[in-house]
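Visitor: If you scroll down you'll find the structure; I have some questions about it.
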Amino acid sequence: MKTWQLLVIGVLCGILMGGIIFLVASRPSQPSLEIISPTQMTSIVVSVAGEVVHPGVYTLPAGARVNDALQTAGGITADANTSAINLAETLEDGQQIYLPSSISTPTLTTEQGKININTASLEELEALPGIGAAKAQAIIDYRNTYGNFQSIDDLLYISGFGPAIIQEIEDSIEVR
C-alpha cells in the first residue's frame with residue numbers, strides 16, 4: 001500500500017473513533033432510581049381504631065410505638081383494654097392498631113357453644129384444646145395488628161399454628 005492510502009485510512013479510522021467516543025460521551029445519562037429501605041423511612045402511616053378518642057389514619061415518625069399512635073389519636077377511652085395490646089410495640093408502615101374494649105362482650109354463642117376468635121379474651125382462648133397462653137396471646141396480637149379474622153384458616157398466618165392445631169380446635173371456634 002502506498003503511503004497516502006495508509007494516511008487516508010488512518011485519518012478515517014481516527015474520525016470514526018472520535019465519532020464513537022463523542023456519541024458515547026454525549027448520551028444523556030438515565031436518571032437513577034433511589035430505593036429507600038424501611039429503615040430509611042422518615043414517617044409511617046397507621047390506622048388507629050377501637051377504644052380511642054379519635055379513630056383514624058395518622059402519619060407518625062418512623063420508629064413510633066403503639067402508645068404514640070394511641071396518643072396521636074387523642075388518647076384512650078375509659079372503656080379501653082390496654083392490657084390486650086403491646087403498648088411498646090414498634091409500628092410499621094400500613095399497620096392497623098385496634099384497641100379493644102374492656103367491657104366484656106359475650107364470645108360464646110348459646111346455641112353452638114363456640115368461641116368467637118375475633119372477640120374472645122385471653123382466658124377464653126386458653127381454654128381451647130391445645131392452646132396455651134403463648135398461642136392465645138398470638139391470636140390476640142394478630143387480630144390487634146391485622147384486624148378481625150375473616151375465616152378460621154386465617155390462623156395459619158400465625159407462627160406456630162398449623163393444620164393439626166386448627167383441626168383440633170375448629171369445632172370449638174367460629175369467626176363472626
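Within each chain, counting starts at residue 1; across the C-alpha cells, chains are named A, B, ... in the order shown, with ligands numbered 1 upward in that order.
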Can you list, as number ranges by chain, every protein, DNA or RNA residue that comes within 12 Å of Tyr157 in chain A when you count only C-alpha atoms, leaving out same-chain residues fewer than 5 positions away?
Guide: A: 138-139, 141-143, 146, 149-152, 162-163, 166
Visitor: Output the selection as a short mmCIF file (atom, residue, chain, number, x, y, z; two decimals), in the first residue's frame - N, CA and C atoms for each residue.
Guide:
```cif
data_model
loop_
_atom_site.label_atom_id
_atom_site.label_comp_id
_atom_site.auth_asym_id
_atom_site.auth_seq_id
_atom_site.Cartn_x
_atom_site.Cartn_y
_atom_site.Cartn_z
N ALA A 138 -50.88 -14.90 70.91
CA ALA A 138 -50.57 -14.72 69.49
C ALA A 138 -51.84 -14.44 68.68
N ILE A 139 -52.94 -15.08 69.03
CA ILE A 139 -54.23 -14.82 68.36
C ILE A 139 -54.65 -13.38 68.60
N ASP A 141 -52.73 -10.83 69.51
CA ASP A 141 -51.78 -9.92 68.86
C ASP A 141 -52.07 -9.82 67.37
N TYR A 142 -52.36 -10.96 66.74
CA TYR A 142 -52.64 -10.95 65.30
C TYR A 142 -53.87 -10.10 64.99
N ARG A 143 -54.95 -10.31 65.72
CA ARG A 143 -56.18 -9.55 65.41
C ARG A 143 -56.02 -8.08 65.76
N TYR A 146 -53.78 -6.93 62.60
CA TYR A 146 -54.34 -7.06 61.25
C TYR A 146 -55.86 -6.95 61.18
N PHE A 149 -60.34 -11.73 62.11
CA PHE A 149 -60.15 -12.90 61.25
C PHE A 149 -61.34 -12.98 60.30
N GLN A 150 -61.08 -13.30 59.05
CA GLN A 150 -62.15 -13.47 58.06
C GLN A 150 -62.61 -14.92 58.00
N SER A 151 -61.70 -15.84 58.35
CA SER A 151 -62.04 -17.25 58.38
C SER A 151 -61.14 -17.94 59.40
N ILE A 152 -61.51 -19.12 59.79
CA ILE A 152 -60.71 -19.90 60.73
C ILE A 152 -59.33 -20.19 60.14
N GLY A 162 -50.60 -24.66 62.75
CA GLY A 162 -50.60 -25.47 61.55
C GLY A 162 -51.95 -26.14 61.39
N PRO A 163 -52.10 -26.90 60.34
CA PRO A 163 -53.38 -27.58 60.09
C PRO A 163 -53.81 -28.49 61.24
N ILE A 166 -55.41 -26.36 64.03
CA ILE A 166 -56.70 -25.83 63.58
C ILE A 166 -57.74 -26.93 63.55
#
```
Visitor: Would you mind listing what lies within 12 Å of Gly56 in chain A as a list in words, with only C-alpha atoms counted and same-chain residues fewer than 5 positions away left out?
Guide: Val45, Val46, Ser47, Val48, Ala49, Gly50, Glu51, Ala69, Leu70, Thr72, Ala73, Gly74, Gln96, Ile97 and Tyr98 of chain A
Visitor: Write the residues of the selection above to a file with C-alpha atoms, as a CSV table (one decimal), in the first residue's frame.
Guide:
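The resulting selection.csv:
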```
chain,number,residue,atom,x,y,z
A,45,VAL,CA,-48.9,5.8,58.2
A,46,VAL,CA,-51.0,3.8,60.6
A,47,SER,CA,-54.7,3.2,61.2
A,48,VAL,CA,-55.9,3.5,64.8
A,49,ALA,CA,-59.3,2.0,65.7
A,50,GLY,CA,-61.3,0.8,68.6
A,51,GLU,CA,-61.4,2.5,72.0
A,69,ALA,CA,-50.3,6.2,67.9
A,70,LEU,CA,-52.9,6.0,70.7
A,72,THR,CA,-51.9,10.8,68.4
A,73,ALA,CA,-55.5,9.5,68.2
A,74,GLY,CA,-56.5,11.7,71.1
A,96,GLN,CA,-53.6,-1.2,62.0
A,97,ILE,CA,-53.8,-0.8,65.7
A,98,TYR,CA,-57.1,-1.9,67.2
```
Visitor: Among chain A, which residues carry a DSSP assignment of strand (DSSP E or B), reported as a count of residues only?
Guide: 29
Visitor: Which residues are near range 78-88 of chain A? Cut-off 6 Å, only C-alpha atoms, ignore same chain within fewer than 4 positions. Put them as a compact mmCIF listing (two decimals) with N, CA and C atoms, in the first residue's frame.
Guide:
```
# COMPACT_ATOMS: atom_id res chain seq x y z
N GLU A 51 -61.09 1.63 70.88
CA GLU A 51 -61.36 2.50 72.03
C GLU A 51 -60.36 3.65 72.16
N ARG A 65 -44.08 4.03 68.46
CA ARG A 65 -44.63 2.87 69.17
C ARG A 65 -46.16 2.93 69.17
N VAL A 66 -46.79 1.81 69.56
CA VAL A 66 -48.25 1.75 69.64
C VAL A 66 -48.76 2.85 70.55
N ASN A 67 -48.11 3.06 71.68
CA ASN A 67 -48.54 4.11 72.61
C ASN A 67 -48.54 5.48 71.94
N PRO A 100 -59.14 -2.89 71.86
CA PRO A 100 -60.47 -3.42 72.20
C PRO A 100 -61.02 -2.79 73.48
N SER A 101 -62.27 -3.06 73.73
CA SER A 101 -62.95 -2.57 74.92
C SER A 101 -62.72 -3.52 76.08
N SER A 102 -62.67 -2.98 77.28
CA SER A 102 -62.55 -3.83 78.47
C SER A 102 -63.92 -4.33 78.90
```
Visitor: When you look at Ile173 in chain A with a cut-off of 7 Å (counting only C-alpha atoms), what residues show up, excluding the ones that are within fewer than 6 positions of it in the same chain? I need them as a list of chain:residue names.
Guide: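 With the cut-off at 7 Å, the set is A:Lys114, A:Ile115, A:Asn116, A:Ile117.
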Visitor: Could the residues in this selection be saved with N, CA and C atoms as a CSV table (one decimal), in the first residue's frame?
Guide:
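So the final result, stored in selection_24.csv, reads:
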```csv
chain,number,residue,atom,x,y,z
A,114,LYS,N,-69.6,-22.2,70.6
A,114,LYS,CA,-68.3,-21.9,70.0
A,114,LYS,C,-67.8,-20.6,70.4
A,115,ILE,N,-66.5,-20.5,70.5
A,115,ILE,CA,-65.8,-19.2,70.9
A,115,ILE,C,-65.5,-18.4,69.6
A,116,ASN,N,-65.9,-17.2,69.6
A,116,ASN,CA,-65.6,-16.3,68.5
A,116,ASN,C,-64.2,-15.8,68.7
A,117,ILE,N,-63.3,-16.2,67.8
A,117,ILE,CA,-61.9,-15.8,68.0
A,117,ILE,C,-61.6,-14.3,67.7
```
Visitor: Give me the residues within 12 Å of Met41 in chain A as a list in words, counting only C-alpha atoms and dropping any in the same chain fewer than 5 places off.
Guide: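 So the residues in contact are Ile35, Ile36, Thr59, Leu60, Pro61, Ala62, Gly63, Ala64, Glu92 and Asp93 of chain A.
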Visitor: To one decimal in Å, tell me the separation between CA of Thr3 in chain A and CA of Leu16 in chain A.
Guide: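 Rounded to one decimal, the two atoms are 19.8 Å apart.
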Visitor: Residues within 6 Å of Val52 in chain A, please, as an MDAnalysis selection string. Count only C-alpha atoms; anything in the same chain fewer than 4 positions from it doesn't count.
Guide: chainID A and resid 75:77
Visitor: Report the residues of chain A whose backbone DSSP state falls under alpha helix (DSSP H), written as JSON, numbers by chain.
Guide: {"A": [3, 4, 5, 6, 7, 8, 9, 10, 11, 12, 13, 14, 15, 16, 17, 18, 19, 20, 21, 22, 23, 24, 25, 26, 66, 67, 68, 69, 70, 71, 72, 122, 123, 124, 125, 126, 133, 134, 135, 136, 137, 138, 139, 140, 141, 142, 143, 144, 145, 146, 163, 164, 165, 166, 167, 168, 169]}
Visitor: Using only C-alpha atoms, find the one residue out of A:Ile158, A:Leu6, A:Leu128, A:Val53 that sits nearest to Ser172 in chain A.
Guide: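 Among the listed residues, the smallest separation from Ser172 in chain A belongs to A:Leu128.
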Visitor: Given the choices A:Glu174, A:Gly160, A:Ile44, A:Ile21, which gets closest to Leu125 in chain A if the distance is worked out from only C-alpha atoms?
Guide: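 Looking only at the distances to Leu125 in chain A, the closest residue turns out to be A:Glu174.
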Visitor: For CA of Gly113 in chain A and CA of Leu156 in chain A, quote the distance in Å rounded to one decimal.
Guide: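 That distance, rounded to one decimal, is 22.8 Å.
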Visitor: In terms of the shortest atom-to-atom distance over only C-alpha atoms, which of A:Leu99, A:Ile169, A:Ser26, A:Ile15 is closest to His54 in chain A?
Guide: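 The shortest atom-to-atom distance to His54 in chain A comes from A:Leu99.
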Visitor: Can you tell me how far CA of Gly132 in chain A sits from CA of Gly94 in chain A, in Å to one decimal?
Guide: 29.7 Å
